[in-house]
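**Student:** Could you have a look at this structure, given as structure tokens, before my questions?
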Amino acid sequence: MADILYRTHPLENRRAALAELSGRVEGLTVYPEDPVAAVDLRVDPAGPGADAVGRALGTALPVEPNTWTHTVDGQLVWLGPDEWLVTSAGADPQEFERELGWVVSAYDGSAVDVSAQRTSLRLHGGLARELLSLGCALDLRPSAFPAGACAQTYVGQTVVLLLALGPDDFRLFVRQSFAGYLADWVLDAAEEFRAFP
Amino acid sequence: MQLIHCPWCGPREEVEFHYGGQAEITYPERPAELSDQDWAEYVFYRDNPKGPFAERWSHSAGCRRWFNALRDTHTYRFLGTAKPGEPLPNTQRNTEVRV
Amino acid sequence: MSRVHGYGRIDRGRMLTFTFDGRTYTGHPGDTLASALLANGVHLVGSSVNLGRPHGISAAWTEDATALVQIEKPFPEPMLQATTVELVDGLVAHGVNGQGRLADTADPARYDRKHTHTDTLVIGAGPAGLLAALAAARAGEDVVLVDDRPVAGGSLTGTEVIDGRPALGFVADVVAELARLGVRHLQRTTAFGQYDDGFVLALERRTDHLGADAPAHRSRQRVHRIRALKVVVATGAQERPIVFEDNDRPGVMLASAARDYLHRYGVLAGREVVVFTSDDAAYAAALDLAGAGARVTVLDVRDTLPREWAARAAEAGVPVHPSTTVTGTEGEERVRAVLAHGVDGSVRLPADLLLVSGGWNPVVHLFSHVRGALAYDPELGSFRPSGSLPGVIVIGAANGTLDLAGVLREGGGPDAPEAGPEPARTPTKVVWRTDGDPGRQFVDIQRDATVADIGRAVGAGLRSVEHVKRYTTIGTAHDQGKTSGVLASGITAELLGARIEDLGTTTFRPPYTPVAFAALAGRARGSLFDPERTTPLHDWHVEAGAVFEDVGQWKRARYYPEPGEDMDAAVLRECAAARSGVGILDGSTLGKIDVQGPDAAVFLDRLYTNMMSTLKVGRVRYGVMCGNDGMVLDDGTVLRIDENRYLVTTTTGGAATVLDWMEEWLQTEWPELRVHLTSVTEQWSVFPVVGPRSRDVVGEVFPELDVSADAFPFMSWRDTTLDGVPVRVARISFSGELAYEVNVNSWYAPALWERLLAAGERYGITPYGTETMHVLRAEKGYPIIGQDTDGTVTPQDLGMSWAVSKKKEDFVGKRSFSRPENHNPLRKQFVSLLPIDGRTKLPEGSQIVELCENGSLPEPPVPMLGHVTSSYLSAELGRPFALALVKNGRARIGDLVHVPVNGALVQAQIGDTVLIDPEGARRDG
Ligand SMILES: [Zn+2]
């Protein structure tokens with residue numbers, strides 16, 4: 001029992017291919033992001049629980065559907081009218097669940113550690129939007145999907161949680177079991193851009 | 001590919017949604033006291049009108065929320081959607097709603 | 001050669017070589033296969049599907065009904081229109097005689113789809129569409145413009161004048177301005193279907209015209225899925241033929257097509273030309289062809305000739321005969337002569353080309369796809385949009401406006417440019433057909449369907465054009481009735497003595513032009529056809545040589561064959577290890593739902609047949625879920641994490657269904673319950689460690705965990721840590737053996753799996769797959785929901801009355817248990833089935849029958865007693881065994897029945913479902 005229990009990224013085996021693609025295609029950078037602590041948070045947005053969470057995180061919960069906001073070291077992402085994904089780059093997943101659970105349990109809310117439920121793929125560059133449009137039916141024009149917007153929708157045949165981080169900069173949270181499919185889908189879609197122009 | 005207006009997320013393609021049958025069928029207060037026939041009515045029998053029909057839909061690929069919809073079974077067109085507990089458009093209304 | 005100098009927009013400086021029907025020809029960039037064939041004097045293309053009649057080229061674009069070709073190179077494709085195939089060097093094709101032939105090799109090209117959103121989508125880059133796009137773009141709208149031709153300009157031939165300039169110069173200017181304004185402008189892109197809410201599908205042909213230079217990485221064809229707030233249909237009009245005897249002969253062509261061949265491709269399609277018309281437009285064709293050197297005669301159906309056109313004809317030396325109709329043609333593989341009937345009686349005119357014009361059909365398909373109302377316009381002799389649709393407008397010739405000035409106005413509005421002067425229009429005379437033998441008057445040439453066929457349909461009592469269409473097949477070929485649809489309505493009306501207004505037209509349906517399945521499939525091929533869901537251990541399974549099986553979208557390791565082992569051998573070895581030593585399974589695909597809130601217990605009590613509120617924290621209970629109809633929906637275990645929190649598991653296949661089911665009840669029926677549901681299927685990886693030595697392995701890996709039977713009893717769970725990582729271990733057994741399910745955050749799954757394997761090495765720990773899992777559970781009589789059940793099975797049928805609470809007043813499904821049908825003694829019940837020969841593995845799905853007392857089969861239909869639901873070889877039993885649903889099965893334990901296997905009857909004995917360790921002595925080790 002010498003080694004410490006190591007972590008394995010769900011997209012470890014696609015990392016090299018994605019890096020090769022990013023190097024080959026100007027205007028497209030794709031890579032698996034480091035895992036972060038993530039909690040699925042449920043609380044009444046109109047009640048005192050939401051305020052308590054806002055105080056605890058230092059950021060109010062976004063109540064506008066399909067938007068996200070920053071916290072100190074993570075994001076607060078709208079998933080449903082009383083549901084958010086709360087991420088933290090620094091927190092320990094179990095601790096994070098416990099902290100948030102402690103805040104919301106007094107208000108009949110819930111907090112569930114979902115750190116490993118999804119993984120995220122980062123996609124940015126001038127071709128990012130174009131690539132997504134090969135499999136995402138949403139209107140991703142900046143006027144309709146600006147930075148701060150998010151949506152749960154299909155990319156290819158898998159559901160993703162899509163976040164606009166900036167112009168031409170996207171984060172795709174995907175269920176861990178679909179991550180390989182999504183990465184393969186991106187690699188295949190990007191064939192189009194190879195050897196361009 | 002029709003757009004369905006999720007009361008929260010707005011218009012999305014219909015493949016993101018899951019159909020849940022006729023709306024406003026409530027679970028009987030005391031099933032044990034129902035006759036077999038009345039129970040069968042609840043479990044198996046549903047309306048099948050030609051025209052406006054109140055239905056339940058779930059935004060299954062999106063926010064996972066159930067909502068009510070009024071849909072014309074003749075044209076397939078949605079006449080309106082509403083959050084649970086909120087009123088659907090008047091069932092007499094026959095004008096199309098573009099989302 | 002029929003190529004004439006000074007005409008056409010082909011690139012004469014470059015030569016392309018192609019092969020048709022085994023002969024080599026040349027053409028130029030800008031040609032279609034059809035124009036290149038005509039340039040080489042080839043009129044015969046193929047033969048008709050039913051009658052084998054020679055077919056030629058009858059149009060110049062998608063409305064062509066005759067020139068079907070089989071492409072061989074660059075890639076085999078069946079039944080393309082020669083009029084739309086762009087010529088490339090090295091093209092090999094031949095005419096279709098009868099039917100085309102699919103390629104017998106996989107298509108190496110890429111295909112894809114792309115979603116586009118826009119304010120305004122303009123379909124058609126003719127004069128109307130170009131101006132509409134320009135107006136919208138100038139107004140600041142986001143605009144997409146698609147057009148099916150290689151270049152913009154629509155039906156403009158180049159002879160017209162717009163804004164005081166040659167029309168094509170005007171087109172080039174507009175195209176350039178659209179580009180400056182950021183309009184997304186796609187040529188070679190056919191909008192082939194319009195659907196609800198401004199949704200239009202368009203097929204872009206991206207690389208075919210590049211021939212050998214086509215880049216392989218680029219998708220050959222792309223389906224654009226366009227969503228627009230406003231759709232402008234500017235799809236133009238197609239010329240309508242007139243039906244006469246032997247009108248299917250090569251050399252019979254639409255008048256506008258001959259004009260197109262001349263001006264677009266520099267091809268003079270005939271030298272001795274007869275023009276048969278009931279409309280003004282054909283005069284332009286007649287004069288242009290005459291100007292290019294043909295001898296032309298015009299036969300006009302009308303008694304009153306269009307004065308200005310007639311004068312121009314006289315000036316050009318083109319004779320015009322009023323009140324004259326074509327009654328037939330002569331020739332074999334090409335028209336030799338035209339038979340006509342006029343004021344002076346019948347004449348025979350030698351000709352090598354017969355042009356026909358019966359007026360124009362607005363291309364209303366895309367408007368009609370979305371239920372846009374059409375009405376017959378008697379002046380037009382065709383159907384045009386009559387109603388309005390929100391978000392859709394139809395302009396130009398598609399709207400029935402045929403003069404260029406009017407077209408420009410509809411496209412450009414008040415600022416529209418001026419059209420050059422056009423001769424005043426004389427009304428079209430609507431003529432569907434002339435006199436002749438109805439059996440040789442072809443309405444749908446591609447289908448060999450004649451006026452006589454319509455006569456038979458009407459004679460058979462059909463009154464609707466939709467029925468006539470199905471009866472005669474008119475309009476069902478690749479061109480979907482572009483030239484034949486309106487004619488069929490008109491002729492049907494005539495034969496019925498009805499008004500075409502009242503009869504209407506058949507419904508237009510997508511696709512407007514044929515679309516290859518490959519394009520519709522796009523990139524969803526091979527491993528991307530359906531997502532493959534994998535667990536964190538997938539790479540390990542692959543390396544270990546696992547054979548996978550599909551469970552829903554999951555790839556699960558089915559077994560791990562060692563060298564020389566087949567599935568039976570591997571599974572027998574894996575089963576033996578789990579029953580006598582220790583085995584380990586990747587069970588991560590199991591559905592997992594976190595249920596949290598003060599009313600969690602109440603909620604689960606309402607959904608499970610058994611009582612979950614009495615479950616103590618730290619304990620586990622097996623649970624069954626039923627639908628309202630009382631039939632088993634799913635099963636799994638329920639762990640009580642704390643007072644207000646449970647973790648429930650579902651079957652691998654049922655995970656999404658169960659979560660949806662629970663949410664539906666919670667959100668729609670019991671919103672007052674303070675409960676939240678969260679899927680944690682992938683959060684937790686799960687490894688059952690199974691077998692008599694599992695305690696040794698688990699105890700070794702988790703030193704902080706007391707794994708003794710007393711401290712850690714069956715159906716309980718404990719939290720522990722490993723290197724500071726939280727791990728949850730549960731004593732759950734799906735095999736009857738001592739077993740520990742190890743749960744860990746999936747980040748650590750491969751590491752923990754390796755630890756367990758390393759610790760188990762000296763006990764011979766054996767990874768096993770789903771097949772062994774199935775055998776182990778079947779030996780214990782545990783059903784798999786969805787395999788041993790089919791939605792018609794109650795818990796009682798499964799022998800699980802013990803899992804149905806008697807104390808709870810109600811739960812979902814309870815009321816249905818007392819329905820009379822559920823007390824029918826002949827309901828099928830879950831039992832085991834042991835083949836008496838001890839050798840035969842009864843095939844799953846086999847029916848179960850019973851012999852008469854005299855040993856013979858009953859008279860057919862032989863009563864079916866039930867069917868085999870699961871069947872395996874058992875290492876433990878040393879024989880095959882099966883599980884089955886059998887009518888009144890539990891009362892029949894010990895009875896002998898028969899199962900037909902490969903044509904023979906195999907005797908089997910009904911037994912209890914639990915075949916191993918019925919006392920449950922093994923589960924504590
Ligand atoms: Zn939604």
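Residue names in the structure tokens use chain letters A, B, ... in the order shown, residue numbers from 1 in each chain, and ligand numbers from 1 in the order shown.
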Go through the chains and note each residue within 10 Å of ligand 1, using only C-alpha atoms and all ligand atoms, then give the set as a ChimeraX atom specification.

**Tutor:** /A:65-66,79-81,151-153 /B:4-12,16-17,58-67

**Student:** For the selection you just gave me, I'd like the residues written to a file as a short mmCIF file (atom, residue, chain, number, x, y, z; two decimals), in the first residue's frame, keeping N, CA, C and O atoms.

**Tutor:**
data_model
loop_
_atom_site.label_atom_id
_atom_site.label_comp_id
_atom_site.auth_asym_id
_atom_site.auth_seq_id
_atom_site.Cartn_x
_atom_site.Cartn_y
_atom_site.Cartn_z
N PRO A 65 -33.21 31.68 -15.58
CA PRO A 65 -32.92 30.37 -16.17
C PRO A 65 -31.77 30.43 -17.18
O PRO A 65 -31.60 31.43 -17.87
N ASN A 66 -30.99 29.37 -17.19
CA ASN A 66 -29.94 29.21 -18.19
C ASN A 66 -28.87 30.30 -18.12
O ASN A 66 -28.42 30.82 -19.14
N LEU A 79 -29.55 24.98 -13.12
CA LEU A 79 -29.94 23.72 -13.76
C LEU A 79 -31.45 23.59 -13.87
O LEU A 79 -31.96 22.88 -14.73
N GLY A 80 -32.15 24.24 -12.98
CA GLY A 80 -33.61 24.16 -12.95
C GLY A 80 -34.09 25.23 -12.00
O GLY A 80 -33.28 25.91 -11.35
N PRO A 81 -35.41 25.40 -11.91
CA PRO A 81 -35.94 26.51 -11.10
C PRO A 81 -35.54 26.45 -9.63
O PRO A 81 -35.56 27.48 -8.96
N ALA A 151 -26.83 26.11 -20.82
CA ALA A 151 -27.99 25.34 -21.24
C ALA A 151 -27.68 23.87 -21.12
O ALA A 151 -26.55 23.45 -21.34
N GLN A 152 -28.69 23.13 -20.75
CA GLN A 152 -28.60 21.68 -20.83
C GLN A 152 -29.29 21.29 -22.12
O GLN A 152 -30.47 21.57 -22.32
N THR A 153 -28.54 20.67 -23.00
CA THR A 153 -29.09 20.36 -24.31
C THR A 153 -28.25 19.25 -24.93
O THR A 153 -27.33 18.74 -24.31
N ILE B 4 -40.81 23.37 -28.60
CA ILE B 4 -41.71 23.34 -27.45
C ILE B 4 -41.18 24.36 -26.45
O ILE B 4 -39.98 24.44 -26.21
N HIS B 5 -42.11 25.10 -25.93
CA HIS B 5 -41.73 26.20 -25.05
C HIS B 5 -41.70 25.72 -23.61
O HIS B 5 -42.73 25.64 -22.95
N CYS B 6 -40.50 25.41 -23.12
CA CYS B 6 -40.37 25.05 -21.70
C CYS B 6 -40.67 26.32 -20.90
O CYS B 6 -40.12 27.38 -21.20
N PRO B 7 -41.54 26.23 -19.89
CA PRO B 7 -41.88 27.44 -19.14
C PRO B 7 -40.66 28.09 -18.48
O PRO B 7 -40.71 29.25 -18.10
N TRP B 8 -39.58 27.34 -18.33
CA TRP B 8 -38.37 27.91 -17.73
C TRP B 8 -37.30 28.21 -18.78
O TRP B 8 -36.75 29.29 -18.81
N CYS B 9 -37.02 27.22 -19.62
CA CYS B 9 -35.87 27.35 -20.54
C CYS B 9 -36.23 28.03 -21.85
O CYS B 9 -35.34 28.37 -22.62
N GLY B 10 -37.51 28.18 -22.13
CA GLY B 10 -37.90 28.78 -23.40
C GLY B 10 -37.97 27.73 -24.50
O GLY B 10 -38.00 26.53 -24.23
N PRO B 11 -38.00 28.20 -25.76
CA PRO B 11 -38.20 27.26 -26.86
C PRO B 11 -37.00 26.35 -27.07
O PRO B 11 -35.87 26.82 -27.13
N ARG B 12 -37.27 25.08 -27.14
CA ARG B 12 -36.24 24.08 -27.42
C ARG B 12 -36.82 23.06 -28.40
O ARG B 12 -38.03 22.89 -28.49
N GLU B 16 -35.87 17.26 -27.01
CA GLU B 16 -35.43 17.43 -25.62
C GLU B 16 -36.54 17.08 -24.62
O GLU B 16 -36.31 17.11 -23.42
N PHE B 17 -37.72 16.78 -25.13
CA PHE B 17 -38.87 16.64 -24.25
C PHE B 17 -39.40 15.21 -24.23
O PHE B 17 -39.19 14.45 -25.15
N SER B 58 -42.33 16.74 -20.02
CA SER B 58 -41.16 16.96 -19.18
C SER B 58 -40.00 17.40 -20.06
O SER B 58 -39.78 16.85 -21.14
N HIS B 59 -39.29 18.42 -19.60
CA HIS B 59 -38.11 18.87 -20.35
C HIS B 59 -36.94 17.96 -19.95
O HIS B 59 -36.04 18.36 -19.22
N SER B 60 -37.01 16.73 -20.44
CA SER B 60 -36.16 15.68 -19.89
C SER B 60 -34.68 15.89 -20.16
O SER B 60 -33.85 15.51 -19.36
N ALA B 61 -34.33 16.47 -21.32
CA ALA B 61 -32.91 16.67 -21.61
C ALA B 61 -32.42 18.02 -21.10
O ALA B 61 -31.25 18.33 -21.22
N GLY B 62 -33.32 18.81 -20.55
CA GLY B 62 -32.94 20.14 -20.09
C GLY B 62 -33.06 20.25 -18.58
O GLY B 62 -32.31 19.61 -17.84
N CYS B 63 -34.06 21.00 -18.12
CA CYS B 63 -34.15 21.31 -16.70
C CYS B 63 -34.88 20.21 -15.91
O CYS B 63 -35.03 20.33 -14.71
N ARG B 64 -35.32 19.14 -16.60
CA ARG B 64 -35.95 17.97 -15.95
C ARG B 64 -37.28 18.33 -15.27
O ARG B 64 -37.74 17.59 -14.41
N ARG B 65 -37.90 19.43 -15.65
CA ARG B 65 -39.14 19.81 -14.98
C ARG B 65 -40.36 19.42 -15.80
O ARG B 65 -40.37 19.56 -17.03
N TRP B 66 -41.37 18.97 -15.09
CA TRP B 66 -42.65 18.66 -15.71
C TRP B 66 -43.47 19.93 -15.83
O TRP B 66 -43.41 20.80 -14.97
N PHE B 67 -44.23 20.02 -16.91
CA PHE B 67 -45.11 21.17 -17.07
C PHE B 67 -46.33 20.73 -17.86
O PHE B 67 -46.40 19.61 -18.36
#

**Student:** Taking only residues of chain C that have an atom at most 9 Å from an atom of chain A, what is each one's shortest atom pair and its distance in Å to one decimal, using only C-alpha atoms, in chain and number order, as CSV?

**Tutor:**
residue,atom,partner,partner_atom,distance
C:Asp112,CA,A:Leu134,CA,7.3
C:Arg113,CA,A:Leu134,CA,5.6
C:Lys114,CA,A:Leu134,CA,4.2
C:His115,CA,A:Ser133,CA,5.1
C:Thr116,CA,A:Ser133,CA,7.1
C:His117,CA,A:Asp139,CA,5.8
C:Thr118,CA,A:Asp139,CA,8.7
C:His217,CA,A:Glu192,CA,5.6
C:Arg218,CA,A:Glu192,CA,5.0
C:Ser219,CA,A:Glu192,CA,6.8
C:Arg225,CA,A:Ala137,CA,8.2
C:Arg227,CA,A:Asp139,CA,8.8
C:Arg523,CA,A:Ala189,CA,7.9
C:Ala524,CA,A:Gly156,CA,8.4
C:Ser527,CA,A:Tyr181,CA,8.3
C:Leu528,CA,A:Trp185,CA,6.9
C:Phe529,CA,A:Gln157,CA,8.9
C:Asp530,CA,A:Gln157,CA,7.3
C:Pro531,CA,A:Tyr181,CA,5.8
C:Glu532,CA,A:Tyr181,CA,6.3
C:Arg533,CA,A:Ser177,CA,4.8
C:Thr534,CA,A:Ser177,CA,4.9
C:Thr535,CA,A:Ser177,CA,5.8
C:Pro536,CA,A:Pro10,CA,6.3
C:Asp539,CA,A:Asn13,CA,8.5
C:Trp554,CA,A:Ser177,CA,8.3
C:Thr589,CA,A:Ser177,CA,8.9
C:Asp594,CA,A:Val112,CA,7.5
C:Gln596,CA,A:Ser110,CA,6.2
C:Gly597,CA,A:Asp108,CA,6.0
C:Pro598,CA,A:Asp108,CA,6.8
C:Arg674,CA,A:Asp108,CA,6.3
C:Val675,CA,A:Asp108,CA,7.8
C:His676,CA,A:Ser110,CA,6.6
C:Leu677,CA,A:Ser110,CA,8.9
C:Thr678,CA,A:Val112,CA,7.2
C:Ser679,CA,A:Gln117,CA,8.3
C:Val680,CA,A:Gln117,CA,6.2
C:Thr681,CA,A:Gln117,CA,7.0
C:Glu682,CA,A:Gln117,CA,4.5
C:Gln683,CA,A:Gln117,CA,4.1
C:Trp684,CA,A:Ala116,CA,7.5
C:Val701,CA,A:Met1,CA,8.7
C:Leu722,CA,A:Leu5,CA,7.4
C:Asp723,CA,A:Ile4,CA,6.0
C:Gly724,CA,A:Leu5,CA,8.5
C:Val725,CA,A:Leu5,CA,7.6
C:Pro726,CA,A:Gln94,CA,8.1
C:Asn745,CA,A:Ala116,CA,6.3
C:Ser746,CA,A:Ala116,CA,5.6
C:Trp747,CA,A:Arg7,CA,5.0
C:Tyr748,CA,A:Arg7,CA,4.9
C:Ala749,CA,A:Thr8,CA,7.7
C:Pro750,CA,A:Thr8,CA,6.9
C:Ala751,CA,A:Tyr6,CA,5.7
C:Leu752,CA,A:Leu5,CA,6.9
C:Arg755,CA,A:Met1,CA,8.1

**Student:** Find the residues of chain C in contact range of chain B, meaning any atom within 12 Å when counting only C-alpha atoms, and list them as a PyMOL selection string.

**Tutor:** chain C and resi 115+193-201+225-230+370-371+389-391+606+627-631+656-657+659-671+677-679+808-822

**Student:** Set the distance at 7 Å and use only C-alpha atoms: which residues neighbour Asn40 of chain C once local chain neighbours fewer than 2 positions away are removed? I'd like the list as an mmCIF file with N, CA and C atoms, in the first residue's frame.

**Tutor:**
data_model
loop_
_atom_site.group_PDB
_atom_site.id
_atom_site.type_symbol
_atom_site.label_atom_id
_atom_site.label_comp_id
_atom_site.auth_asym_id
_atom_site.auth_seq_id
_atom_site.Cartn_x
_atom_site.Cartn_y
_atom_site.Cartn_z
ATOM 1 N N MET C 1 -20.809 17.917 -83.044
ATOM 2 C CA MET C 1 -20.902 18.711 -81.804
ATOM 3 C C MET C 1 -22.037 19.719 -81.884
ATOM 4 N N SER C 2 -22.748 19.857 -80.790
ATOM 5 C CA SER C 2 -23.856 20.800 -80.744
ATOM 6 C C SER C 2 -23.495 22.053 -79.984
ATOM 7 N N ALA C 36 -23.360 18.114 -71.258
ATOM 8 C CA ALA C 36 -22.213 17.555 -71.973
ATOM 9 C C ALA C 36 -22.663 16.470 -72.940
ATOM 10 N N LEU C 37 -23.665 15.680 -72.528
ATOM 11 C CA LEU C 37 -24.173 14.653 -73.448
ATOM 12 C C LEU C 37 -24.818 15.308 -74.663
ATOM 13 N N LEU C 38 -25.642 16.317 -74.416
ATOM 14 C CA LEU C 38 -26.289 17.003 -75.534
ATOM 15 C C LEU C 38 -25.246 17.651 -76.443
ATOM 16 N N VAL C 42 -25.653 13.308 -77.807
ATOM 17 C CA VAL C 42 -26.271 12.126 -77.191
ATOM 18 C C VAL C 42 -27.623 12.530 -76.615
#

**Student:** Give the strand (DSSP E or B) residues of chain B, as DSSP finds them on the backbone, and put them as an mmCIF file with C-alpha atoms, in the first residue's frame.

**Tutor:**
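Now in states11.cif:
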data_model
loop_
_atom_site.group_PDB
_atom_site.id
_atom_site.type_symbol
_atom_site.label_atom_id
_atom_site.label_comp_id
_atom_site.auth_asym_id
_atom_site.auth_seq_id
_atom_site.Cartn_x
_atom_site.Cartn_y
_atom_site.Cartn_z
ATOM 1 C CA LEU B 3 -40.188 23.881 -30.851
ATOM 2 C CA ILE B 4 -41.710 23.335 -27.450
ATOM 3 C CA HIS B 5 -41.726 26.204 -25.049
ATOM 4 C CA CYS B 6 -40.365 25.054 -21.702
ATOM 5 C CA GLY B 10 -37.899 28.778 -23.402
ATOM 6 C CA PRO B 11 -38.202 27.258 -26.859
ATOM 7 C CA ARG B 12 -36.239 24.076 -27.425
ATOM 8 C CA GLU B 13 -36.404 21.346 -30.034
ATOM 9 C CA HIS B 18 -40.666 13.596 -22.956
ATOM 10 C CA TYR B 19 -44.394 13.097 -23.272
ATOM 11 C CA GLY B 20 -46.334 12.262 -20.129
ATOM 12 C CA GLY B 21 -49.870 11.688 -21.292
ATOM 13 C CA GLN B 22 -53.035 13.499 -20.390
ATOM 14 C CA PRO B 52 -57.036 21.015 -28.019
ATOM 15 C CA PHE B 53 -55.804 18.519 -25.425
ATOM 16 C CA ALA B 54 -54.177 19.211 -22.070
ATOM 17 C CA GLU B 55 -51.015 17.170 -21.719
ATOM 18 C CA ARG B 56 -48.069 16.715 -19.421
ATOM 19 C CA TRP B 57 -44.563 17.108 -20.754
ATOM 20 C CA SER B 58 -41.156 16.956 -19.179
ATOM 21 C CA TRP B 66 -42.654 18.655 -15.708
ATOM 22 C CA PHE B 67 -45.108 21.170 -17.071
ATOM 23 C CA ASN B 68 -48.519 21.308 -18.669
ATOM 24 C CA ALA B 69 -49.216 21.968 -22.301
ATOM 25 C CA LEU B 70 -52.216 22.503 -24.484
ATOM 26 C CA ARG B 71 -51.754 20.875 -27.844
ATOM 27 C CA ASP B 72 -54.011 20.467 -30.815
ATOM 28 C CA PHE B 78 -48.737 23.570 -29.116
ATOM 29 C CA LEU B 79 -51.248 26.206 -28.149
ATOM 30 C CA GLY B 80 -49.414 27.042 -24.958
ATOM 31 C CA THR B 81 -47.481 25.695 -21.995
ATOM 32 C CA ALA B 82 -47.644 26.489 -18.307
#

**Student:** One decimal, in Å: what's the spacing between atom CA of Ala570 of chain C and atom CA of Phe548 of chain C?

**Tutor:**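 Rounded to one decimal, the two atoms are 13.4 Å apart.
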
**Student:** Leaving out Ser874 of chain C and any residue of its chain fewer than 2 positions from it, which residues lie within 12 Å of it when counting only C-alpha atoms, given as JSON, numbers by chain?

**Tutor:** {"C": [568, 569, 570, 571, 572, 573, 574, 575, 576, 579, 771, 772, 773, 774, 775, 776, 777, 778, 779, 780, 834, 838, 839, 840, 841, 871, 872, 876, 877, 878, 879, 880, 881, 882, 915, 916]}

**Student:** Please list as JSON, numbers by chain every residue within 9 Å of Arg3 of chain C, counting only C-alpha atoms and excluding residues in the same chain fewer than 2 positions away.

**Tutor:** {"C": [1, 5, 7, 38, 39, 40, 262, 265, 266, 267, 268, 269]}

**Student:** What's around Gly461 of chain C at 12 Å? Count only C-alpha atoms, leave out sequence neighbours fewer than 4 positions away in its own chain, and write the answer as a list in words.

**Tutor:**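 Residues near the query, excluding close chain neighbours: Ile454, Gly455, Arg456, Ala457, Val465, His467, Val468, Tyr471, Thr492, Leu495 and Leu496 of chain C.
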
**Student:** Would you list the contacts of Glu63 of chain C as a list in words, taking every protein, DNA or RNA residue within 8 Å and counting only C-alpha atoms, but skipping same-chain residues closer than 2 positions in sequence?

**Tutor:**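 Here the answer would be Ala59, Ala60, Trp61, Ala65, Gln238, Asp479, Lys482 and Thr483 of chain C.
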
**Student:** Let's see if you can do this: from backbone DSSP, list all helix (DSSP H, G or I) residues in segment 28-80 of chain B, as a ChimeraX atom specification.

**Tutor:** /B:31-33,36-44

**Student:** Put those residues in a file: N, CA, C and O atoms, as a short mmCIF file (atom, residue, chain, number, x, y, z; two decimals), in the first residue's frame.

**Tutor:**
data_model
loop_
_atom_site.label_atom_id
_atom_site.label_comp_id
_atom_site.auth_asym_id
_atom_site.auth_seq_id
_atom_site.Cartn_x
_atom_site.Cartn_y
_atom_site.Cartn_z
N PRO B 31 -57.58 4.95 -3.15
CA PRO B 31 -57.73 3.91 -4.17
C PRO B 31 -58.45 2.67 -3.65
O PRO B 31 -59.22 2.04 -4.38
N ALA B 32 -58.21 2.34 -2.40
CA ALA B 32 -58.79 1.09 -1.86
C ALA B 32 -60.31 1.13 -1.90
O ALA B 32 -60.96 0.08 -1.96
N GLU B 33 -60.87 2.34 -1.86
CA GLU B 33 -62.33 2.43 -1.82
C GLU B 33 -62.96 2.47 -3.20
O GLU B 33 -64.18 2.49 -3.33
N ASP B 36 -63.46 -1.73 -8.92
CA ASP B 36 -62.51 -2.15 -9.95
C ASP B 36 -62.67 -1.30 -11.20
O ASP B 36 -61.69 -0.93 -11.85
N GLN B 37 -63.91 -1.02 -11.55
CA GLN B 37 -64.16 -0.24 -12.76
C GLN B 37 -63.59 1.18 -12.63
O GLN B 37 -62.91 1.67 -13.53
N ASP B 38 -63.84 1.81 -11.48
CA ASP B 38 -63.35 3.18 -11.30
C ASP B 38 -61.82 3.21 -11.29
O ASP B 38 -61.19 4.13 -11.81
N TRP B 39 -61.24 2.21 -10.66
CA TRP B 39 -59.77 2.14 -10.64
C TRP B 39 -59.24 1.94 -12.06
O TRP B 39 -58.27 2.57 -12.48
N ALA B 40 -59.89 1.06 -12.81
CA ALA B 40 -59.47 0.83 -14.20
C ALA B 40 -59.57 2.11 -15.01
O ALA B 40 -58.71 2.41 -15.84
N GLU B 41 -60.63 2.90 -14.74
CA GLU B 41 -60.78 4.19 -15.44
C GLU B 41 -59.56 5.06 -15.19
O GLU B 41 -59.03 5.69 -16.09
N TYR B 42 -59.14 5.09 -13.92
CA TYR B 42 -57.99 5.92 -13.58
C TYR B 42 -56.71 5.40 -14.25
O TYR B 42 -55.91 6.16 -14.80
N VAL B 43 -56.53 4.08 -14.21
CA VAL B 43 -55.25 3.54 -14.68
C VAL B 43 -55.17 3.50 -16.20
O VAL B 43 -54.15 3.87 -16.78
N PHE B 44 -56.26 3.07 -16.83
CA PHE B 44 -56.14 2.73 -18.25
C PHE B 44 -56.83 3.69 -19.22
O PHE B 44 -56.47 3.72 -20.39
#
